[in-house]
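Asker: Structure incoming, see below.
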Amino acid sequence: MGKVKQTINALVIEDNLGDFVLIEEYLADFFSNPSVENAKTFREAAAALTARTDRHIVLLDLSLPDKSGEELIRQVSTYSGQIPVIVLTGYDDLSFSIKSLAMGISDYLLKDELSPLVLYKSIMYALERQRVTAALRDSEKRYRDLFQLSPQPMWVLDLEIHSFLDVNQSAIDHYGHSKEEFLAMTLADIHKEEDLADMKRAIAEVDENSTVHLIGESKHIKKNGEVIYVDLVGQVFHFNGRLTELVLATDITERKKAGERLLSATVTAEDNERKRIAQDIHDGLQQTLITAMLNIEPVLEETDRLSQGVRERFRRGYTYLNQGINETRNIAHQLMPKAIEDFGYSGAIRNMLDHLHSATQFHYHDNLGINRLPGTIEVGLYRITQEAVNNILKYSHADEAFIQVTRAADSVQLTIEDNGKGFNTGDREGNASHQGLSFMQSRVGSMGGTLEITSEIGKGTWIFVEIPLNQD
Amino acid sequence: MVSIMLVDDHEVIRDGLKFYFEGLSDFAVVAEASDGKGAIEVLLKQSVDIVITDISMPGMDGLELMQYISEKHPDQKVIALTMLGESQYVTKMISLGVQGYILKNAGKQQLLDAVKAVSNGENYFSKEATNAIIDALANKKKAKQRLTVETPLSSREKEVLKLIIDEMSNQEIADKLFISVRTVETHKHNMLEKTGCKNIAGLVMYAIERNLV
């Protein structure tokens, strides 16, 4: 029998010296240089367990002079802590042995059936089980910590009824709801009504085989009503027999606002520059040209004094000058129509539509009345509309188009629809007409708004813009 | 003799215009101003037969000057002389009571024709101004001819209306048309506004009465 050269450090709680000596011998059979200590009473055992905590195993006889049975097991377990305890007794009672196992005892051995091998196996199983349990506990704690101590909000979502099954501390801190509140909530409590459908749609795509799930951007409402932008990533798994998802939320509100601010600053700078150039053309160049014309004009009345060749050249020059004046007018208008400033969005658009000569019949409707929108929004909506109208004129072949502006309490909405050719919305890249769409997107983004474009071949294109009002 | 006040922020342009009237015994430029405020000061001191004013001027512009004149001197004759040919400016100035509207590069003859006509109690609008008004009117007229309702419903709106009549919820309509609930609400709102109906029930009645769906 090849001895395993493993050492063991055991405490044998046994008042019968004969039994103790036997156990010591059995241990020596399979372990090399076992360190075996004997405690004859519970009191001695308690003292020994308190004095040293580096023992591998405790072997316990169930009847001691000062304590026995269930009470003894309970007390010894308290002192032994993580060290496995194996009960040794002649007391042949199966039901009690099972009960003792339920109390955290590693094994139950009858003295009559004890052999070196039985003892050795029982000890080795106990040690191995303890090692695995400890590792499992560690790993559980690690994962628990990863979830609980993560600086980013995380939660476990039930994918069928959309309720929160668990949330971490960061989610509690970030959203302001307590854990109890979270566990009583569903997705509907953190989403705006209009976004909820999109979110449910994204979740509905998930099935058993999904793993990492890039949910994407969404808006969440905190307990205090504040709306934040989040980027969501999920990991699908089964939890208590239900399909669930571990969701990691990254708050991108600041990043998004910074992007918006940058875009807004760029767009505003461009608008101001356009306005400045338009004004320079209007106040400078145009007036200079008009002055030139006014001063040259009197010559027209006396051209009969000129030779015929010079007279023709003069008339041609005069015509070109006049054409130049008209061109400066158009350029200034294209850059930034003065009408926006004087008549607002509505006036500028009516103006634009009045001067169109096209097969497309445009209908314009708004509920603005005499109320004006904030200046940057008027210019922004004007440029978006101008772009959309250009696209309609150039590409759509629509015979009817609608431009409608609705001012609501906290936002203004623009819809532009036509019944023309339409296009495949999935096929936007590279096409010149669709560069216009990205122009619209950045315009809308600079005002913190949302843009929806739907189009269907043969049915037309439909654009919806919503811009929040009362921005800070 | 017809007395004239020139209102323009550019002196060189006033000079050029003044030269048009030099040597003409029927007309005389008797006053000048560089903006609306200056013009009002002149009008408080003396009367002129015709005010010829630019629209775009720093300080008080031509629109504001015309607003003042329409309230305080409704009989004052005014000709707008401007670089702005957009219909909004033309119609706005006409609604404020100008008798003439010409573009600055129209030339001497047109300006003299305008001044003559206006001094005789007639109106004078240059070709560009007239076209702008006609375009505006034509677009309005076309819109009215096209459909029986005053402000027509778009095809998308009719589509939404049809689904409302089918008793679909906003969410169901949004799902069906691949749009957001928010936009469905906007459509409903716009339809109520355009038709003057007070609620969805009224809108449904309206649609059925007019065979819109």
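Identifiers in the structure tokens: chain A, B, ... in order shown; residue index from 1 per chain; ligand index from 1 in order shown.
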Given a cut-off of 6 Å, which residues of chain A touch chain B, counting only C-alpha atoms, written out as a list of chain:residue names?
Answerer: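 Using only C-alpha atoms, chain A residues at most 6 Å from chain B: A:Glu194, A:Thr291, A:Leu294, A:Asn295, A:Asn351, A:Asp354.
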Asker: Would you please extract all strand (DSSP E or B) residues from range 22-151 of chain B, as assigned by DSSP on the backbone, and give them as a list in words?
Answerer: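 Result set for range 22-151 of chain B (strand (DSSP E or B)): Phe27, Ala28, Val29, Val30, Ala31, Glu32, Ala33, Ile50, Val51, Ile52, Thr53, Lys77, Val78, Ile79, Ala80, Leu81, Thr82, Gly100, Tyr101, Ile102, Leu103, Tyr124 and Phe125 of chain B.
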Asker: Set the distance at 12 Å and use only C-alpha atoms: which residues neighbour range 36-38 of chain B once local chain neighbours fewer than 3 positions away are removed? I'd like the list as a VMD selection string.
Answerer: chain B and resid 5 to 9 31 to 33 41 to 45 51 to 69
Asker: How about saving the chosen residues, N, CA, C and O atoms kept, as a short mmCIF file (atom, residue, chain, number, x, y, z; two decimals), in the first residue's frame?
Answerer:
data_model
loop_
_atom_site.label_atom_id
_atom_site.label_comp_id
_atom_site.auth_asym_id
_atom_site.auth_seq_id
_atom_site.Cartn_x
_atom_site.Cartn_y
_atom_site.Cartn_z
N MET B 5 -39.10 113.59 -50.12
CA MET B 5 -38.06 113.32 -49.11
C MET B 5 -37.43 111.98 -49.46
O MET B 5 -38.12 110.99 -49.69
N LEU B 6 -36.08 111.94 -49.45
CA LEU B 6 -35.35 110.69 -49.70
C LEU B 6 -34.89 110.11 -48.37
O LEU B 6 -34.25 110.81 -47.58
N VAL B 7 -35.23 108.83 -48.11
CA VAL B 7 -34.77 108.18 -46.88
C VAL B 7 -33.91 106.98 -47.26
O VAL B 7 -34.41 106.00 -47.82
N ASP B 8 -32.62 107.06 -47.00
CA ASP B 8 -31.69 105.97 -47.31
C ASP B 8 -30.45 106.18 -46.46
O ASP B 8 -30.01 107.31 -46.26
N ASP B 9 -29.91 105.06 -45.95
CA ASP B 9 -28.75 105.22 -45.07
C ASP B 9 -27.46 105.51 -45.82
O ASP B 9 -26.46 105.83 -45.20
N ALA B 31 -36.03 117.26 -48.72
CA ALA B 31 -35.51 116.78 -47.44
C ALA B 31 -34.86 115.42 -47.63
O ALA B 31 -35.17 114.69 -48.57
N GLU B 32 -33.94 115.09 -46.69
CA GLU B 32 -33.28 113.79 -46.72
C GLU B 32 -33.17 113.27 -45.30
O GLU B 32 -33.11 114.05 -44.35
N ALA B 33 -33.15 111.96 -45.17
CA ALA B 33 -32.94 111.36 -43.85
C ALA B 33 -32.21 110.05 -44.05
O ALA B 33 -32.30 109.43 -45.11
N GLU B 41 -38.63 112.84 -37.80
CA GLU B 41 -38.29 114.19 -37.35
C GLU B 41 -38.61 115.22 -38.42
O GLU B 41 -39.15 116.28 -38.14
N VAL B 42 -38.29 114.87 -39.68
CA VAL B 42 -38.58 115.78 -40.78
C VAL B 42 -40.09 115.97 -40.91
O VAL B 42 -40.58 117.10 -41.02
N LEU B 43 -40.84 114.84 -40.87
CA LEU B 43 -42.29 114.91 -41.07
C LEU B 43 -42.98 115.73 -39.98
O LEU B 43 -44.05 116.29 -40.20
N LEU B 44 -42.38 115.77 -38.79
CA LEU B 44 -42.96 116.55 -37.71
C LEU B 44 -42.81 118.04 -37.96
O LEU B 44 -43.59 118.86 -37.49
N LYS B 45 -41.76 118.40 -38.73
CA LYS B 45 -41.48 119.81 -38.98
C LYS B 45 -42.11 120.32 -40.27
O LYS B 45 -42.57 121.44 -40.36
N VAL B 51 -42.74 110.47 -49.87
CA VAL B 51 -41.56 109.95 -49.19
C VAL B 51 -41.06 108.77 -50.01
O VAL B 51 -41.83 107.86 -50.34
N ILE B 52 -39.78 108.81 -50.39
CA ILE B 52 -39.18 107.65 -51.08
C ILE B 52 -38.23 107.02 -50.07
O ILE B 52 -37.27 107.64 -49.64
N THR B 53 -38.55 105.78 -49.65
CA THR B 53 -37.74 105.19 -48.57
C THR B 53 -37.19 103.81 -48.91
O THR B 53 -37.85 102.99 -49.55
N ASP B 54 -35.99 103.59 -48.41
CA ASP B 54 -35.36 102.26 -48.44
C ASP B 54 -36.06 101.43 -47.35
O ASP B 54 -36.71 101.98 -46.47
N ILE B 55 -35.94 100.11 -47.41
CA ILE B 55 -36.51 99.29 -46.34
C ILE B 55 -35.45 98.92 -45.32
O ILE B 55 -35.62 99.11 -44.12
N SER B 56 -34.34 98.39 -45.82
CA SER B 56 -33.30 97.93 -44.90
C SER B 56 -32.37 99.08 -44.52
O SER B 56 -31.61 99.58 -45.34
N MET B 57 -32.49 99.51 -43.25
CA MET B 57 -31.63 100.60 -42.78
C MET B 57 -31.30 100.31 -41.32
O MET B 57 -32.11 99.76 -40.60
N PRO B 58 -30.07 100.66 -40.89
CA PRO B 58 -29.76 100.48 -39.48
C PRO B 58 -30.62 101.43 -38.65
O PRO B 58 -31.10 102.44 -39.16
N GLY B 59 -30.81 101.10 -37.40
CA GLY B 59 -31.70 101.93 -36.58
C GLY B 59 -33.13 101.60 -36.94
O GLY B 59 -33.52 100.44 -37.03
N MET B 60 -33.92 102.62 -37.20
CA MET B 60 -35.33 102.37 -37.53
C MET B 60 -35.44 102.11 -39.03
O MET B 60 -35.07 102.95 -39.85
N ASP B 61 -35.94 100.91 -39.39
CA ASP B 61 -35.97 100.56 -40.81
C ASP B 61 -37.26 101.02 -41.50
O ASP B 61 -38.13 101.64 -40.88
N GLY B 62 -37.37 100.74 -42.79
CA GLY B 62 -38.49 101.20 -43.59
C GLY B 62 -39.83 100.62 -43.15
O GLY B 62 -40.87 101.27 -43.26
N LEU B 63 -39.81 99.36 -42.65
CA LEU B 63 -41.05 98.74 -42.19
C LEU B 63 -41.61 99.50 -40.99
O LEU B 63 -42.81 99.79 -40.91
N GLU B 64 -40.71 99.85 -40.07
CA GLU B 64 -41.14 100.58 -38.87
C GLU B 64 -41.59 102.00 -39.22
O GLU B 64 -42.56 102.50 -38.66
N LEU B 65 -40.86 102.62 -40.15
CA LEU B 65 -41.24 103.97 -40.58
C LEU B 65 -42.65 103.93 -41.17
O LEU B 65 -43.50 104.78 -40.87
N MET B 66 -42.90 102.89 -41.99
CA MET B 66 -44.20 102.78 -42.65
C MET B 66 -45.30 102.52 -41.63
O MET B 66 -46.43 102.99 -41.77
N GLN B 67 -44.96 101.74 -40.61
CA GLN B 67 -45.91 101.48 -39.52
C GLN B 67 -46.33 102.81 -38.87
O GLN B 67 -47.51 103.07 -38.66
N TYR B 68 -45.31 103.63 -38.62
CA TYR B 68 -45.57 104.94 -38.00
C TYR B 68 -46.43 105.81 -38.91
O TYR B 68 -47.43 106.39 -38.48
N ILE B 69 -46.04 105.86 -40.19
CA ILE B 69 -46.77 106.71 -41.13
C ILE B 69 -48.22 106.25 -41.26
O ILE B 69 -49.15 107.07 -41.28
#
Asker: Record the distance separating CA of Leu109 in chain A and CA of Asp19 in chain A, expressed in Å with one decimal.
Answerer: 13.3 Å
Asker: So that I can check the surroundings of range 222-236 of chain A, please list as an MDAnalysis selection string every protein, DNA and RNA residue that reaches within 7 Å of it, counting only C-alpha atoms and ignoring chain neighbours fewer than 6 positions away.
Answerer: chainID A and resid 175:177 190 210:216 244:253
Asker: Here is a test: counting only C-alpha atoms, which residue of A:Gln82, A:Phe439, A:Thr50, A:Val118 is nearest to Arg137 in chain A?
Answerer: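 Nearest candidate to Arg137 in chain A out of A:Gln82, A:Phe439, A:Thr50, A:Val118: A:Gln82.
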Asker: Go through A:Ala184, A:His333, A:Leu285, A:Leu149 one by one, measure the shortest atom-to-atom distance of each to Gln169 in chain A using only C-alpha atoms, and give the residue with the smallest value.
Answerer: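 Distance minimum relative to Gln169 in chain A lands on A:Leu149.
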Asker: For Lys257 in chain A, list every protein, DNA or RNA residue within 10 Å, evaluated using only C-alpha atoms, and leave out those in the same chain fewer than 6 positions away; present the list as a VMD selection string.
Answerer: chain A and resid 229 263 to 264 445 to 446 448
Asker: Would you output that residue set with all heavy atoms, as a short mmCIF file (atom, residue, chain, number, x, y, z; two decimals), in the first residue's frame?
Answerer:
data_model
loop_
_atom_site.label_atom_id
_atom_site.label_comp_id
_atom_site.auth_asym_id
_atom_site.auth_seq_id
_atom_site.Cartn_x
_atom_site.Cartn_y
_atom_site.Cartn_z
N TYR A 229 -29.02 60.57 -21.10
CA TYR A 229 -28.75 59.71 -22.25
C TYR A 229 -27.87 58.56 -21.78
O TYR A 229 -26.90 58.79 -21.05
CB TYR A 229 -28.03 60.48 -23.35
CG TYR A 229 -28.90 61.49 -24.05
CD1 TYR A 229 -28.98 62.80 -23.58
CD2 TYR A 229 -29.63 61.14 -25.17
CE1 TYR A 229 -29.78 63.73 -24.21
CE2 TYR A 229 -30.42 62.06 -25.82
CZ TYR A 229 -30.50 63.36 -25.33
OH TYR A 229 -31.28 64.26 -25.96
N LEU A 263 -21.38 71.14 -31.92
CA LEU A 263 -22.10 71.23 -33.18
C LEU A 263 -22.84 72.55 -33.25
O LEU A 263 -22.84 73.25 -34.26
CB LEU A 263 -23.09 70.06 -33.25
CG LEU A 263 -23.58 69.64 -34.62
CD1 LEU A 263 -22.41 69.37 -35.53
CD2 LEU A 263 -24.43 68.39 -34.48
N SER A 264 -23.47 72.90 -32.14
CA SER A 264 -24.24 74.13 -32.08
C SER A 264 -23.33 75.34 -32.30
O SER A 264 -23.67 76.26 -33.02
CB SER A 264 -24.94 74.20 -30.73
OG SER A 264 -25.45 75.48 -30.53
N GLY A 445 -29.19 68.05 -34.72
CA GLY A 445 -28.37 67.73 -33.56
C GLY A 445 -27.88 68.98 -32.84
O GLY A 445 -27.85 69.03 -31.62
N SER A 446 -27.55 70.01 -33.60
CA SER A 446 -27.03 71.23 -33.00
C SER A 446 -28.08 71.93 -32.14
O SER A 446 -27.77 72.72 -31.28
CB SER A 446 -26.53 72.18 -34.08
OG SER A 446 -27.61 72.84 -34.71
N GLY A 448 -30.23 70.11 -30.39
CA GLY A 448 -30.63 69.12 -29.39
C GLY A 448 -31.91 68.41 -29.74
O GLY A 448 -32.60 67.89 -28.88
#
Asker: I need the helix (DSSP H, G or I) residues of range 85-183 of chain A per DSSP on the backbone, written as a VMD selection string.
Answerer: chain A and resid 94 to 102 111 to 113 116 to 148 169 to 175 179 to 183
Asker: Pick the closest to Ala207 in chain B from B:Val115, B:Met168, B:Leu161, B:Ile102: which is it, counting only C-alpha atoms?
Answerer: B:Leu161
Asker: Residues near Lys192 in chain A, anyone? I mean within 10 Å using only C-alpha atoms, not counting same-chain ones fewer than 5 positions away, as a PDB file with all heavy atoms, in the first residue's frame.
Answerer:
ATOM      1  N   LEU A 187     -39.342  48.505 -16.780  1.00  0.00           N
ATOM      2  CA  LEU A 187     -38.739  49.428 -17.745  1.00  0.00           C
ATOM      3  C   LEU A 187     -39.573  50.682 -17.948  1.00  0.00           C
ATOM      4  O   LEU A 187     -39.058  51.763 -18.184  1.00  0.00           O
ATOM      5  CB  LEU A 187     -38.571  48.726 -19.100  1.00  0.00           C
ATOM      6  CG  LEU A 187     -37.334  47.866 -19.297  1.00  0.00           C
ATOM      7  CD1 LEU A 187     -37.288  47.419 -20.748  1.00  0.00           C
ATOM      8  CD2 LEU A 187     -36.080  48.632 -18.941  1.00  0.00           C
ATOM      9  N   ALA A 197     -41.397  51.831 -26.485  1.00  0.00           N
ATOM     10  CA  ALA A 197     -41.688  50.874 -27.556  1.00  0.00           C
ATOM     11  C   ALA A 197     -40.399  50.425 -28.235  1.00  0.00           C
ATOM     12  O   ALA A 197     -40.201  49.238 -28.488  1.00  0.00           O
ATOM     13  CB  ALA A 197     -42.632  51.506 -28.571  1.00  0.00           C
ATOM     14  N   SER A 218     -30.256  55.196 -25.490  1.00  0.00           N
ATOM     15  CA  SER A 218     -31.633  55.456 -25.099  1.00  0.00           C
ATOM     16  C   SER A 218     -31.643  56.605 -24.095  1.00  0.00           C
ATOM     17  O   SER A 218     -30.595  57.107 -23.715  1.00  0.00           O
ATOM     18  CB  SER A 218     -32.259  54.203 -24.500  1.00  0.00           C
ATOM     19  OG  SER A 218     -33.631  54.428 -24.300  1.00  0.00           O
ATOM     20  N   LYS A 219     -32.856  56.982 -23.708  1.00  0.00           N
ATOM     21  CA  LYS A 219     -32.985  58.031 -22.698  1.00  0.00           C
ATOM     22  C   LYS A 219     -33.639  57.424 -21.464  1.00  0.00           C
ATOM     23  O   LYS A 219     -34.589  56.666 -21.582  1.00  0.00           O
ATOM     24  CB  LYS A 219     -33.848  59.181 -23.223  1.00  0.00           C
ATOM     25  CG  LYS A 219     -33.074  60.170 -24.056  1.00  0.00           C
ATOM     26  CD  LYS A 219     -33.965  61.289 -24.561  1.00  0.00           C
ATOM     27  CE  LYS A 219     -34.686  60.874 -25.822  1.00  0.00           C
ATOM     28  NZ  LYS A 219     -35.494  61.924 -26.417  1.00  0.00           N
ATOM     29  N   HIS A 220     -33.116  57.741 -20.290  1.00  0.00           N
ATOM     30  CA  HIS A 220     -33.700  57.261 -19.040  1.00  0.00           C
ATOM     31  C   HIS A 220     -34.134  58.442 -18.184  1.00  0.00           C
ATOM     32  O   HIS A 220     -33.566  59.521 -18.271  1.00  0.00           O
ATOM     33  CB  HIS A 220     -32.684  56.411 -18.266  1.00  0.00           C
ATOM     34  CG  HIS A 220     -32.560  55.020 -18.809  1.00  0.00           C
ATOM     35  ND1 HIS A 220     -31.581  54.161 -18.411  1.00  0.00           N
ATOM     36  CD2 HIS A 220     -33.309  54.347 -19.720  1.00  0.00           C
ATOM     37  CE1 HIS A 220     -31.724  53.005 -19.044  1.00  0.00           C
ATOM     38  NE2 HIS A 220     -32.753  53.103 -19.862  1.00  0.00           N
ATOM     39  N   ILE A 221     -35.133  58.180 -17.357  1.00  0.00           N
ATOM     40  CA  ILE A 221     -35.582  59.218 -16.432  1.00  0.00           C
ATOM     41  C   ILE A 221     -35.145  58.826 -15.032  1.00  0.00           C
ATOM     42  O   ILE A 221     -35.401  57.717 -14.579  1.00  0.00           O
ATOM     43  CB  ILE A 221     -37.118  59.352 -16.464  1.00  0.00           C
ATOM     44  CG1 ILE A 221     -37.600  59.450 -17.899  1.00  0.00           C
ATOM     45  CG2 ILE A 221     -37.564  60.566 -15.660  1.00  0.00           C
ATOM     46  CD1 ILE A 221     -39.097  59.277 -18.034  1.00  0.00           C
ATOM     47  N   VAL A 227     -33.647  63.789 -17.206  1.00  0.00           N
ATOM     48  CA  VAL A 227     -33.518  62.831 -18.304  1.00  0.00           C
ATOM     49  C   VAL A 227     -32.038  62.697 -18.655  1.00  0.00           C
ATOM     50  O   VAL A 227     -31.340  63.691 -18.828  1.00  0.00           O
ATOM     51  CB  VAL A 227     -34.308  63.299 -19.546  1.00  0.00           C
ATOM     52  CG1 VAL A 227     -34.061  62.359 -20.717  1.00  0.00           C
ATOM     53  CG2 VAL A 227     -35.790  63.359 -19.222  1.00  0.00           C
TER      54      VAL A 227
END
